[in-house]
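One file, upload-v1.txt, carrying compact mmCIF, C-alpha atoms:
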# COMPACT_ATOMS: atom_id res chain seq x y z
CA PRO A 1383 22.50 -1.24 -6.68
CA GLY A 1384 22.53 2.23 -5.17
CA PHE A 1385 19.72 1.78 -2.66
CA THR A 1386 21.15 2.01 0.86
CA GLN A 1387 19.63 0.40 3.92
CA GLU A 1388 18.77 3.87 5.18
CA TYR A 1389 16.91 4.67 1.96
CA TYR A 1390 15.20 1.27 2.04
CA ASP A 1391 13.95 2.00 5.55
CA ILE A 1392 12.54 5.39 4.52
CA MET A 1393 10.73 3.84 1.55
CA TYR A 1394 9.44 1.07 3.82
CA ASN A 1395 8.01 3.61 6.28
CA ASN A 1396 6.46 5.65 3.48
CA TYR A 1397 4.91 2.47 2.11
CA ALA A 1398 3.56 1.47 5.52
CA ALA A 1399 1.99 4.92 5.88
CA ASN A 1400 -0.11 4.23 2.75
CA LEU A 1401 -1.54 1.01 4.21
CA ASN A 1402 -4.43 0.68 6.68
CA ILE A 1403 -5.34 4.37 6.32
CA ASP A 1404 -6.62 5.73 9.65
CA GLY A 1405 -7.26 2.16 10.77
CA SER A 1406 -9.84 1.63 8.01
CA GLY A 1407 -7.91 -1.17 6.32
CA ALA A 1408 -7.86 0.79 3.06
CA VAL A 1409 -4.74 0.98 0.92
CA VAL A 1410 -4.44 4.42 -0.64
CA ALA A 1411 -3.06 4.45 -4.19
CA ALA A 1412 -1.14 7.61 -3.31
CA PRO A 1413 -1.72 10.43 -0.83
CA ASP A 1414 -1.66 12.84 -3.78
CA THR A 1415 -4.97 14.54 -4.57
CA ASN A 1416 -3.69 16.57 -7.53
CA THR A 1417 -2.16 14.42 -10.26
CA PRO A 1418 -2.52 14.55 -14.07
CA GLY A 1419 -5.22 11.90 -13.62
CA GLY A 1420 -7.00 13.63 -10.74
CA SER A 1421 -6.93 12.54 -7.12
CA TYR A 1422 -5.23 9.24 -6.26
CA TYR A 1423 -6.70 9.27 -2.77
CA TYR A 1424 -8.76 6.13 -3.38
CA HIS A 1425 -8.47 2.43 -2.69
CA TRP A 1426 -7.92 0.61 -5.99
CA MET A 1427 -8.71 -3.08 -5.66
CA ARG A 1428 -5.83 -4.15 -7.93
CA ASP A 1429 -3.17 -1.92 -6.36
CA ALA A 1430 -4.26 -3.03 -2.91
CA GLY A 1431 -4.16 -6.77 -3.64
CA LEU A 1432 -0.67 -6.51 -5.12
CA SER A 1433 0.55 -4.20 -2.36
CA ILE A 1434 -0.74 -6.45 0.41
CA LYS A 1435 0.99 -9.45 -1.19
CA ALA A 1436 4.21 -7.45 -1.34
CA TRP A 1437 3.83 -6.39 2.31
CA LEU A 1438 3.62 -10.03 3.37
CA ASP A 1439 6.59 -10.99 1.20
CA ILE A 1440 9.02 -8.25 2.20
CA ASN A 1441 8.23 -8.93 5.87
CA ASN A 1442 8.88 -12.65 5.36
CA ASN A 1443 5.35 -13.43 6.54
CA ASP A 1444 6.21 -12.41 10.10
CA TYR A 1445 2.86 -12.53 11.85
CA ASN A 1446 3.46 -9.83 14.43
CA THR A 1447 4.85 -7.42 11.84
CA VAL A 1448 2.08 -7.77 9.28
CA ARG A 1449 -0.84 -8.32 11.64
CA PRO A 1450 -2.11 -4.70 12.02
CA VAL A 1451 -2.20 -4.09 8.26
CA LEU A 1452 -3.64 -7.50 7.39
CA GLU A 1453 -6.33 -7.46 10.05
CA GLY A 1454 -7.38 -4.04 8.83
CA TYR A 1455 -7.35 -5.14 5.20
CA ALA A 1456 -9.40 -8.25 5.96
CA ASN A 1457 -12.03 -6.13 7.71
CA TRP A 1458 -12.06 -3.70 4.78
CA VAL A 1459 -12.54 -6.48 2.23
CA ALA A 1460 -15.30 -8.12 4.23
CA LYS A 1461 -17.10 -4.76 4.22
CA VAL A 1462 -16.64 -3.59 0.64
CA GLN A 1463 -17.26 -6.89 -1.15
CA HIS A 1464 -20.88 -6.76 -0.02
CA LYS A 1465 -21.57 -3.08 -0.72
CA ASN A 1466 -24.55 -2.15 -2.87
CA ASP A 1467 -23.21 -1.14 -6.26
CA PRO A 1468 -24.38 2.20 -7.68
CA ASN A 1469 -22.88 1.56 -11.14
CA ASN A 1470 -25.01 -1.45 -12.12
CA ILE A 1471 -22.17 -3.97 -12.04
CA ASP A 1472 -21.09 -6.59 -9.52
CA VAL A 1473 -19.34 -4.71 -6.72
CA ARG A 1474 -16.58 -7.34 -6.79
CA ILE A 1475 -15.34 -5.96 -10.10
CA GLU A 1476 -15.47 -2.27 -9.21
CA PRO A 1477 -12.08 -0.62 -9.77
CA LYS A 1478 -11.89 1.73 -6.79
CA PHE A 1479 -13.52 2.81 -3.55
CA THR A 1480 -13.62 5.96 -1.46
CA ILE A 1481 -11.65 6.18 1.79
CA PRO A 1482 -12.54 5.64 4.60
CA ASP A 1483 -16.16 4.61 3.99
CA GLY A 1484 -15.45 2.01 1.28
CA GLU A 1485 -18.18 3.16 -1.08
CA PRO A 1486 -17.72 2.34 -4.78
CA TYR A 1487 -16.53 5.35 -6.78
CA THR A 1488 -19.44 6.69 -8.86
CA GLY A 1489 -17.65 8.89 -11.39
CA GLY A 1490 -16.95 7.88 -14.96
CA TRP A 1491 -14.29 5.17 -15.12
CA CYS A 1492 -13.20 2.12 -17.09
CA ARG A 1493 -15.42 -0.64 -15.71
CA PRO A 1494 -15.38 -3.49 -14.93
CA GLN A 1495 -11.86 -4.43 -13.84
CA THR A 1496 -11.97 -8.17 -13.66
CA ASP A 1497 -8.57 -8.97 -12.11
CA GLY A 1498 -9.62 -7.37 -8.81
CA PRO A 1499 -11.43 -10.22 -7.06
CA ALA A 1500 -8.68 -12.72 -7.89
CA LEU A 1501 -5.91 -10.46 -6.59
CA ARG A 1502 -7.90 -9.65 -3.46
CA ALA A 1503 -8.63 -13.33 -2.80
CA MET A 1504 -4.96 -14.18 -3.38
CA ALA A 1505 -3.82 -11.63 -0.79
CA MET A 1506 -6.45 -12.85 1.68
CA SER A 1507 -5.43 -16.48 1.06
CA LYS A 1508 -1.84 -15.68 1.97
CA TRP A 1509 -3.05 -14.06 5.18
CA GLY A 1510 -5.32 -17.02 5.91
CA MET A 1511 -2.45 -19.48 5.45
CA LEU A 1512 -0.32 -17.43 7.82
CA LEU A 1513 -3.08 -17.49 10.44
CA LYS A 1514 -3.50 -21.23 10.07
CA SER A 1515 0.21 -22.03 10.19
CA THR A 1516 0.82 -19.86 13.27
CA GLY A 1517 -2.35 -20.85 15.12
CA ASN A 1518 -3.64 -17.30 15.25
CA GLY A 1519 -6.92 -15.59 14.44
CA ASP A 1520 -9.78 -17.17 12.56
CA PRO A 1521 -8.66 -18.52 9.17
CA ASN A 1522 -12.15 -19.86 8.50
CA SER A 1523 -13.59 -16.33 8.42
CA VAL A 1524 -10.88 -15.38 5.93
CA TRP A 1525 -11.85 -18.40 3.82
CA GLU A 1526 -15.40 -17.02 3.54
CA ILE A 1527 -13.96 -13.79 2.10
CA VAL A 1528 -11.80 -15.73 -0.35
CA LYS A 1529 -14.62 -18.04 -1.39
CA PHE A 1530 -16.95 -15.14 -2.21
CA ASP A 1531 -14.40 -13.43 -4.48
CA MET A 1532 -13.31 -16.68 -6.12
CA ALA A 1533 -16.91 -17.56 -6.93
CA TRP A 1534 -16.88 -14.59 -9.28
CA VAL A 1535 -13.56 -15.69 -10.83
CA THR A 1536 -14.50 -19.31 -11.48
CA GLU A 1537 -17.81 -18.34 -13.06
CA ASN A 1538 -16.82 -15.21 -14.98
CA TRP A 1539 -13.10 -15.27 -15.85
CA ARG A 1540 -13.84 -15.00 -19.58
CA GLN A 1541 -15.76 -11.75 -19.10
CA ASP A 1542 -14.72 -8.63 -20.97
CA GLY A 1543 -13.10 -5.91 -18.88
CA CYS A 1544 -10.52 -3.14 -18.68
CA ASP A 1545 -6.74 -3.55 -18.65
CA LEU A 1546 -4.66 -2.73 -15.60
CA TRP A 1547 -3.97 0.75 -17.02
CA GLU A 1548 -7.73 1.33 -17.26
CA GLU A 1549 -7.68 2.27 -20.94
CA VAL A 1550 -8.54 -0.60 -23.30
CA ARG A 1551 -10.93 -3.54 -23.14
CA SER A 1552 -10.50 -7.25 -23.81
CA ASN A 1553 -11.49 -10.65 -22.44
CA ASP A 1554 -7.97 -11.98 -22.98
CA PHE A 1555 -5.41 -9.84 -21.14
CA PHE A 1556 -2.21 -11.75 -20.34
CA PHE A 1557 -1.93 -9.94 -16.98
CA ASN A 1558 -5.43 -10.95 -15.93
CA ARG A 1559 -5.00 -14.54 -17.10
CA MET A 1560 -1.72 -14.93 -15.22
CA ALA A 1561 -3.28 -13.34 -12.14
CA TYR A 1562 -6.18 -15.80 -12.28
CA ILE A 1563 -3.90 -18.84 -12.61
CA TYR A 1564 -1.68 -17.79 -9.73
CA SER A 1565 -4.49 -16.62 -7.45
CA LEU A 1566 -6.64 -19.72 -7.96
CA ASN A 1567 -3.70 -21.92 -7.02
CA VAL A 1568 -2.92 -19.83 -3.93
CA ALA A 1569 -6.57 -19.97 -2.86
CA ALA A 1570 -6.55 -23.74 -3.41
CA ASP A 1571 -3.47 -24.07 -1.21
CA PHE A 1572 -5.26 -22.14 1.53
CA GLY A 1573 -8.42 -24.20 1.18
CA ASP A 1574 -6.41 -27.42 1.34
CA MET A 1575 -4.98 -26.32 4.70
CA LEU A 1576 -8.54 -26.00 5.99
CA GLY A 1577 -9.74 -29.29 4.51
CA GLN A 1578 -11.96 -27.56 1.95
CA ASP A 1579 -12.73 -29.01 -1.47
CA THR A 1580 -10.61 -26.87 -3.81
CA GLY A 1581 -10.57 -29.08 -6.88
CA ALA A 1582 -12.66 -26.59 -8.85
CA TYR A 1583 -10.06 -23.85 -8.32
CA ARG A 1584 -7.24 -25.98 -9.69
CA THR A 1585 -9.39 -27.23 -12.57
CA VAL A 1586 -10.25 -23.69 -13.66
CA ALA A 1587 -6.62 -22.62 -13.24
CA GLU A 1588 -5.52 -25.40 -15.58
CA GLU A 1589 -8.21 -24.45 -18.09
CA ILE A 1590 -7.06 -20.82 -18.10
CA LYS A 1591 -3.45 -21.97 -18.32
CA GLY A 1592 -4.24 -23.96 -21.46
CA GLU A 1593 -5.93 -20.99 -23.09
CA THR A 1594 -3.11 -18.60 -22.14
CA GLN A 1595 -0.34 -20.60 -23.84
CA GLY A 1596 -1.24 -18.84 -27.08
CA HIS A 1597 0.02 -15.51 -25.77
CA TRP A 1598 3.47 -16.73 -26.82
CA ARG A 1599 3.48 -15.58 -30.42
CA ASP A 1600 5.98 -14.07 -32.86
CA GLY A 1601 8.85 -14.45 -30.42
CA PHE A 1602 7.40 -12.70 -27.37
CA LEU A 1603 4.53 -12.79 -24.89
CA TYR A 1604 1.85 -10.29 -25.82
CA GLU A 1605 -0.60 -8.59 -23.46
CA SER A 1606 -3.65 -8.37 -25.74
CA THR A 1607 -4.40 -8.10 -29.43
CA ASN A 1608 -5.22 -4.39 -29.02
CA ARG A 1609 -2.12 -3.69 -26.85
CA PRO A 1610 0.49 -6.35 -27.62
CA TYR A 1611 3.66 -4.62 -26.36
CA ASP A 1612 3.07 -3.86 -22.70
CA GLY A 1613 5.15 -3.66 -19.52
CA ALA A 1614 2.27 -5.43 -17.80
CA VAL A 1615 3.68 -8.66 -19.27
CA ILE A 1616 6.95 -8.17 -17.37
CA HIS A 1617 4.94 -7.66 -14.18
CA SER A 1618 2.89 -10.79 -14.90
CA ILE A 1619 5.93 -13.03 -15.35
CA ALA A 1620 7.69 -11.76 -12.23
CA THR A 1621 4.64 -11.79 -9.94
CA PHE A 1622 2.53 -14.66 -11.27
CA GLY A 1623 4.94 -16.84 -13.24
CA GLU A 1624 5.09 -19.72 -10.80
CA TYR A 1625 2.67 -21.85 -12.84
CA LEU A 1626 3.23 -20.64 -16.41
CA PHE A 1627 6.05 -18.82 -18.24
CA PRO A 1628 8.31 -18.57 -15.16
CA PRO A 1629 11.02 -15.90 -14.80
CA SER A 1630 13.69 -18.42 -15.80
CA SER A 1631 11.97 -19.36 -19.08
CA ASN A 1632 13.20 -18.64 -22.57
CA GLU A 1633 9.87 -16.92 -23.17
CA ALA A 1634 10.66 -14.49 -20.34
CA ALA A 1635 14.09 -13.70 -21.79
CA ALA A 1636 12.75 -13.27 -25.32
CA THR A 1637 10.00 -10.96 -24.10
CA ILE A 1638 12.46 -8.84 -22.12
CA GLN A 1639 14.56 -8.47 -25.27
CA VAL A 1640 11.61 -7.34 -27.40
CA LEU A 1641 10.24 -4.90 -24.83
CA ALA A 1642 13.67 -3.54 -23.87
CA LYS A 1643 14.31 -2.60 -27.48
CA ALA A 1644 10.90 -0.92 -27.72
CA PHE A 1645 11.37 1.13 -24.55
CA CYS A 1646 14.95 2.02 -25.43
CA GLN A 1647 13.64 3.60 -28.61
CA GLU A 1648 10.63 5.13 -26.85
CA TYR A 1649 12.39 7.16 -24.16
CA PRO A 1650 15.13 9.75 -24.90
CA ILE A 1651 16.43 9.37 -21.33
CA ASN A 1652 17.36 5.75 -22.10
CA GLN A 1653 19.23 6.74 -25.26
CA LYS A 1654 21.02 9.53 -23.40
CA GLU A 1655 22.17 7.22 -20.60
CA ILE A 1656 23.27 4.47 -22.97
CA SER A 1657 25.31 7.02 -24.93
CA ALA A 1658 26.93 8.06 -21.65
CA GLY A 1659 27.95 4.45 -21.03
CA LYS A 1660 25.47 3.89 -18.20
CA PRO A 1661 24.03 0.36 -18.00
CA GLY A 1662 20.41 -0.40 -17.23
CA LEU A 1663 17.09 0.62 -18.68
CA LEU A 1664 13.90 2.38 -17.67
CA ILE A 1665 10.65 0.85 -18.91
CA GLY A 1666 7.06 2.01 -18.92
CA ARG A 1667 3.56 0.91 -19.80
CA TYR A 1668 3.63 0.63 -23.60
CA PRO A 1669 5.05 2.35 -26.69
CA GLY A 1670 2.91 5.32 -27.66
CA ASP A 1671 1.64 5.95 -24.12
CA SER A 1672 0.49 9.55 -23.66
CA TYR A 1673 -0.76 9.63 -20.07
CA ALA A 1674 1.04 12.41 -18.16
CA GLY A 1675 3.55 12.62 -21.00
CA GLY A 1676 4.00 8.90 -21.61
CA ASN A 1677 7.02 8.16 -19.44
CA PRO A 1678 8.93 5.32 -17.79
CA TRP A 1679 7.31 4.01 -14.62
CA GLN A 1680 9.18 3.23 -11.41
CA LEU A 1681 6.99 0.25 -10.55
CA LEU A 1682 7.61 -1.41 -13.93
CA THR A 1683 11.32 -0.70 -14.01
CA ALA A 1684 11.61 -2.24 -10.54
CA VAL A 1685 9.70 -5.35 -11.59
CA LEU A 1686 12.04 -5.74 -14.59
CA GLY A 1687 14.95 -5.72 -12.15
CA GLU A 1688 13.13 -8.29 -10.04
CA LEU A 1689 12.52 -10.51 -13.06
CA PHE A 1690 16.27 -10.71 -13.63
CA TYR A 1691 16.86 -11.49 -9.94
CA LEU A 1692 14.24 -14.25 -10.00
CA GLY A 1693 15.85 -15.70 -13.12
CA GLY A 1694 19.20 -15.69 -11.32
CA GLN A 1695 17.68 -17.31 -8.26
CA ALA A 1696 16.24 -20.13 -10.39
CA THR A 1697 19.63 -20.68 -12.02
CA TYR A 1698 21.41 -20.79 -8.66
CA LYS A 1699 18.85 -23.31 -7.43
CA ASP A 1700 19.67 -25.49 -10.46
CA ILE A 1701 23.36 -25.20 -9.54
CA GLU A 1702 22.53 -26.12 -5.97
CA ARG A 1703 20.93 -29.34 -7.23
CA ARG A 1704 23.33 -30.22 -10.04
CA GLY A 1705 26.53 -28.29 -9.54
CA ASP A 1706 27.76 -26.00 -12.29
CA PHE A 1707 26.95 -27.17 -15.82
CA SER A 1708 27.40 -26.12 -19.43
CA LEU A 1709 24.45 -24.37 -21.02
CA ARG A 1710 22.79 -26.29 -23.84
CA TYR A 1711 21.98 -23.70 -26.46
CA ALA A 1712 18.55 -25.16 -27.17
CA ASP A 1713 17.60 -24.86 -23.51
CA TYR A 1714 18.97 -21.35 -22.89
CA LYS A 1715 19.14 -19.70 -26.30
CA ASP A 1716 17.12 -16.61 -25.41
CA TRP A 1717 19.00 -15.97 -22.17
CA ILE A 1718 22.30 -16.46 -24.00
CA SER A 1719 21.18 -13.94 -26.63
CA LEU A 1720 19.74 -11.42 -24.16
CA LEU A 1721 22.79 -11.40 -21.88
CA ARG A 1722 25.33 -11.91 -24.69
CA LEU A 1723 26.95 -14.90 -23.08
CA GLU A 1724 29.90 -16.72 -24.60
CA GLU A 1725 29.40 -20.11 -26.25
CA THR A 1726 31.38 -21.69 -23.40
CA ALA A 1727 29.25 -20.10 -20.69
CA THR A 1728 28.12 -22.23 -17.75
CA ALA A 1729 25.22 -21.92 -15.35
CA VAL A 1730 27.38 -19.90 -12.95
CA ASP A 1731 28.05 -17.38 -15.74
CA LEU A 1732 24.33 -17.19 -16.53
CA ALA A 1733 23.30 -16.64 -12.91
CA ALA A 1734 25.93 -13.95 -12.41
CA ALA A 1735 24.81 -12.19 -15.60
CA GLN A 1736 21.15 -12.34 -14.60
CA VAL A 1737 21.88 -10.74 -11.23
CA ALA A 1738 24.16 -8.17 -12.84
CA ALA A 1739 21.38 -7.25 -15.29
CA GLY A 1740 18.98 -6.77 -12.38
CA ASP A 1741 21.55 -4.58 -10.65
CA ALA A 1742 21.99 -2.50 -13.81
CA VAL A 1743 18.25 -1.86 -14.02
CA MET A 1744 17.94 -1.01 -10.34
CA THR A 1745 21.03 1.23 -10.45
CA SER A 1746 19.47 3.12 -13.33
CA LEU A 1747 16.25 3.49 -11.34
CA TRP A 1748 18.17 4.64 -8.26
CA GLY A 1749 19.76 7.43 -10.27
CA HIS A 1750 16.33 8.95 -10.83
CA VAL A 1751 14.78 8.59 -7.36
CA GLN A 1752 17.71 9.17 -5.01
CA ASP A 1753 17.15 12.90 -4.55
CA ALA A 1754 13.56 12.74 -3.29
CA GLY A 1755 14.31 11.84 0.32
CA GLY A 1756 12.75 8.40 0.00
CA ARG A 1757 9.57 9.48 -1.79
CA ILE A 1758 8.85 7.38 -4.87
CA ASP A 1759 6.47 8.70 -7.50
CA GLU A 1760 4.59 7.16 -10.42
CA GLN A 1761 6.71 8.18 -13.40
CA ILE A 1762 10.11 9.44 -14.55
CA ASP A 1763 10.14 12.21 -17.14
CA LYS A 1764 11.37 10.67 -20.39
CA HIS A 1765 13.37 13.78 -21.24
CA THR A 1766 14.76 15.12 -17.95
CA GLY A 1767 14.86 11.97 -15.84
CA ALA A 1768 13.09 13.69 -12.93
CA GLN A 1769 10.28 11.99 -11.02
CA ALA A 1770 6.84 12.94 -12.26
CA SER A 1771 3.08 12.48 -11.92
CA ALA A 1772 1.51 11.06 -8.72
CA GLU A 1773 3.73 11.51 -5.67
CA GLY A 1774 4.30 8.73 -3.16
CA LEU A 1775 2.69 5.91 -5.19
CA THR A 1776 2.05 2.83 -3.06
CA TRP A 1777 2.55 0.44 -5.98
CA SER A 1778 5.96 2.03 -6.68
CA TYR A 1779 7.09 1.47 -3.09
CA ALA A 1780 5.78 -2.09 -3.17
CA ASN A 1781 7.63 -3.06 -6.33
CA ILE A 1782 10.95 -1.41 -5.48
CA LEU A 1783 11.01 -2.95 -2.01
CA HIS A 1784 9.95 -6.31 -3.44
CA SER A 1785 12.71 -6.19 -6.04
CA LEU A 1786 15.33 -5.40 -3.42
CA HIS A 1787 13.93 -8.23 -1.27
CA ALA A 1788 14.35 -10.59 -4.23
CA ARG A 1789 17.92 -9.37 -4.65
CA ALA A 1790 18.69 -10.08 -1.00
CA ALA A 1791 17.32 -13.61 -1.43
CA VAL A 1792 19.45 -14.36 -4.48
CA GLN A 1793 22.53 -12.91 -2.77
CA THR A 1794 21.95 -15.18 0.23
CA LEU A 1795 21.66 -18.20 -2.06
CA ARG A 1796 24.79 -17.24 -3.98
CA GLU A 1797 26.81 -16.81 -0.78
CA SER A 1798 25.56 -20.17 0.49
CA LEU A 1799 26.75 -21.87 -2.68
CA ARG A 1800 30.13 -20.16 -2.44
CA THR A 1801 30.51 -21.29 1.16
CA GLN A 1802 29.66 -24.86 0.19
CA ALA A 1803 32.24 -24.77 -2.59
CA VAL A 1804 35.08 -23.74 -0.26
structure tokens encoding of this file:
Amino acid sequence: PGFTQEYYDIMYNNYAANLNIDGSGAVVAAPDTNTPGGSYYYHWMRDAGLSIKAWLDINNNDYNTVRPVLEGYANWVAKVQHKNDPNNIDVRIEPKFTIPDGEPYTGGWCRPQTDGPALRAMAMSKWGMLLKSTGNGDPNSVWEIVKFDMAWVTENWRQDGCDLWEEVRSNDFFFNRMAYIYSLNVAADFGDMLGQDTGAYRTVAEEIKGETQGHWRDGFLYESTNRPYDGAVIHSIATFGEYLFPPSSNEAAATIQVLAKAFCQEYPINQKEISAGKPGLLIGRYPGDSYAGGNPWQLLTAVLGELFYLGGQATYKDIERRGDFSLRYADYKDWISLLRLEETATAVDLAAAQVAAGDAVMTSLWGHVQDAGGRIDEQIDKHTGAQASAEGLTWSYANILHSLHARAAVQTLRESLRTQAV
């Protein structure tokens, strides 16, 4: 969808340059010290946990490739999670830290940010499982890191905190809940490999899962009562949907439809491109956003593309098990509506349409980032379509590369099925 291998490689190298800064293990949010929101030259716990997960995924968990970054990150986490906190909160729920010393940021900020320890423990669990499965390093020392962060999660997951955009407060953010469910299960998988008792992690995950079902309301999944329409929900489904509201679900399709309509109306650039006959869509944080102009975000647009790819992958896996099949309307009604499929459509038609929708989104994104020489920023101006705000955002690289990695996986599966059919 526009992104060439050459461009992928440049983005990959730019991404790698933002990890393990000067060997400290820190993940810099962006090497930009002069953005509309001030300097981004800090280690945000959330951004880092998500970016480290993405680094493992796009490198297919190849030990030798990921080792320098992951060893550095593990050392960083072991250091910062025991820092004295100057802001009178638990240091495990601090939002960001200075680089390279790992001291908690002391300026005014939205605190606490309660998804941090879960995301950090999840990333560390994936590293620990890689160490254990390859017979390298010391997975037991990684378990101690995970256990310390997860102790906060299991005891305090209902605590009030800030959203991932650091603006509003709630004790019931969909993003945080989905992150907890996913991360607790990943940590339990790691603990099981080491023979640890992880029953409490799975029990709490199931409890949170039960309480999160209610976020499906009025035909879409809402983020919070004070910010219902939010691109964070798209990110949650794509990244954490393995245990609840998966990418292939009707709830995912219905939510895409609601948010796509909202963001189409929100951004003039979308209306302009639709009028010009260009497919795809740029999405952002939420309708009414005003930060740095309130624009589409690259990282969210990429994760929307990924959500479509993951839906297609799930459909192709169903075909792999069952062969092609007719779509029962009751089972696929929201996907049929979203992708405007014919009444006679089969699973093959659905999968092809899901992948095509992902390609349309990523092609639209490509049109707005292709002239920056591989640099990916935070936002896209909603009027001009030019990149804007923080330059070289790590989270943007992570999500674009992860989306393209998901596309490659679904393409491989599709080709395999075609070969089997010949």
Shell of 8 Å around Ser1630 of chain A, all atoms listed in the file, local chain residues under 3 positions omitted, as an MDAnalysis selection string: chainID A and resid 1634:1635 1692:1694 1696:1697
Dump of C-alpha atoms for the selected residues, as a short mmCIF file (atom, residue, chain, number, x, y, z; two decimals), keeping the file's coordinate frame:
data_model
loop_
_atom_site.label_atom_id
_atom_site.label_comp_id
_atom_site.auth_asym_id
_atom_site.auth_seq_id
_atom_site.Cartn_x
_atom_site.Cartn_y
_atom_site.Cartn_z
CA ALA A 1634 10.66 -14.49 -20.34
CA ALA A 1635 14.09 -13.70 -21.79
CA LEU A 1692 14.24 -14.25 -10.00
CA GLY A 1693 15.85 -15.70 -13.12
CA GLY A 1694 19.20 -15.69 -11.32
CA ALA A 1696 16.24 -20.13 -10.39
CA THR A 1697 19.63 -20.68 -12.02
#
Nearby residues (all atoms listed in the file) at most 7 Å from segment 1698-1710 of chain A, same-chain spacing under 4 positions excluded, as a PyMOL selection string: chain A and resi 1694+1714+1727-1730+1733+1796+1799
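Nearest to Tyr1397 of chain A of all the residues A:Trp1717, A:Tyr1445, A:His1787, A:Ile1758 is A:Ile1758, based on all atoms listed in the file.
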Length of the atom CA of Cys1646 of chain A to atom CA of Ala1411 of chain A vector [Å]: 28.0 Å
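By only C-alpha atoms, and with residues fewer than 4 positions from segment 1771-1777 of chain A along its chain excluded, the set lying at most 6 Å from it is Tyr1397, Ala1411, Ala1412, Asp1414, Thr1417, Arg1757, Ile1758, Asp1759, Glu1760 and Gln1761 of chain A.
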Coordinates-based distance that separates atom CA of Lys1591 of chain A from atom CA of Pro1610 of chain A (Å, one decimal):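 That distance, rounded to one decimal, is 18.6 Å.
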Between atom CA of Gly1767 of chain A and atom CA of Asp1753 of chain A - distance in Å to one decimal: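 It comes out at 11.6 Å.
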Given all atoms listed in the file as the counted atoms, nearest of A:Trp1525, A:Tyr1691, A:Trp1534, A:Tyr1564 to Val1473 of chain A: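 Once distances to Val1473 of chain A are computed over all atoms listed in the file, the minimum belongs to A:Trp1534.
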8 Å contact set for segment 1404-1408 of chain A, only C-alpha atoms, chain neighbours under 2 positions out, as a VMD selection string: chain A and resid 1401 to 1402 1410 1425 1430 1451 to 1458 1481 to 1482 1484
For Tyr1673 of chain A, the nearest of the candidates A:Pro1418, A:Ile1619, A:Asp1472, A:Gln1541, counting all atoms listed in the file: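 Among the listed residues, A:Pro1418 lies closest to Tyr1673 of chain A.
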Nearest-residue call for Asn1677 of chain A, choices A:Thr1580, A:Gln1769, A:Thr1488, A:Ser1565, using all atoms listed in the file: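 Residue with the minimum atom-to-atom distance to Asn1677 of chain A: A:Gln1769.
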Polymer residues at most 10 Å from segment 1460-1464 of chain A, all atoms listed in the file, same-chain spacing of 2 or more positions, as JSON, numbers by chain: {"A": [1455, 1456, 1457, 1458, 1466, 1467, 1472, 1473, 1474, 1475, 1476, 1479, 1483, 1484, 1485, 1486, 1499, 1523, 1524, 1526, 1527, 1528, 1530, 1531]}
Since we have the selection now, will you write its residues out, keeping C-alpha atoms, as a short mmCIF file (atom, residue, chain, number, x, y, z; two decimals), keeping the file's coordinate frame?
data_model
loop_
_atom_site.label_atom_id
_atom_site.label_comp_id
_atom_site.auth_asym_id
_atom_site.auth_seq_id
_atom_site.Cartn_x
_atom_site.Cartn_y
_atom_site.Cartn_z
CA TYR A 1455 -7.35 -5.14 5.20
CA ALA A 1456 -9.40 -8.25 5.96
CA ASN A 1457 -12.03 -6.13 7.71
CA TRP A 1458 -12.06 -3.70 4.78
CA ASN A 1466 -24.55 -2.15 -2.87
CA ASP A 1467 -23.21 -1.14 -6.26
CA ASP A 1472 -21.09 -6.59 -9.52
CA VAL A 1473 -19.34 -4.71 -6.72
CA ARG A 1474 -16.58 -7.34 -6.79
CA ILE A 1475 -15.34 -5.96 -10.10
CA GLU A 1476 -15.47 -2.27 -9.21
CA PHE A 1479 -13.52 2.81 -3.55
CA ASP A 1483 -16.16 4.61 3.99
CA GLY A 1484 -15.45 2.01 1.28
CA GLU A 1485 -18.18 3.16 -1.08
CA PRO A 1486 -17.72 2.34 -4.78
CA PRO A 1499 -11.43 -10.22 -7.06
CA SER A 1523 -13.59 -16.33 8.42
CA VAL A 1524 -10.88 -15.38 5.93
CA GLU A 1526 -15.40 -17.02 3.54
CA ILE A 1527 -13.96 -13.79 2.10
CA VAL A 1528 -11.80 -15.73 -0.35
CA PHE A 1530 -16.95 -15.14 -2.21
CA ASP A 1531 -14.40 -13.43 -4.48
#
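Residue nearest Asp1571 of chain A within the list A:Leu1603, A:Met1511, A:Val1409, A:Ile1616: A:Met1511 [criterion: smallest interatomic distance, all atoms listed in the file].
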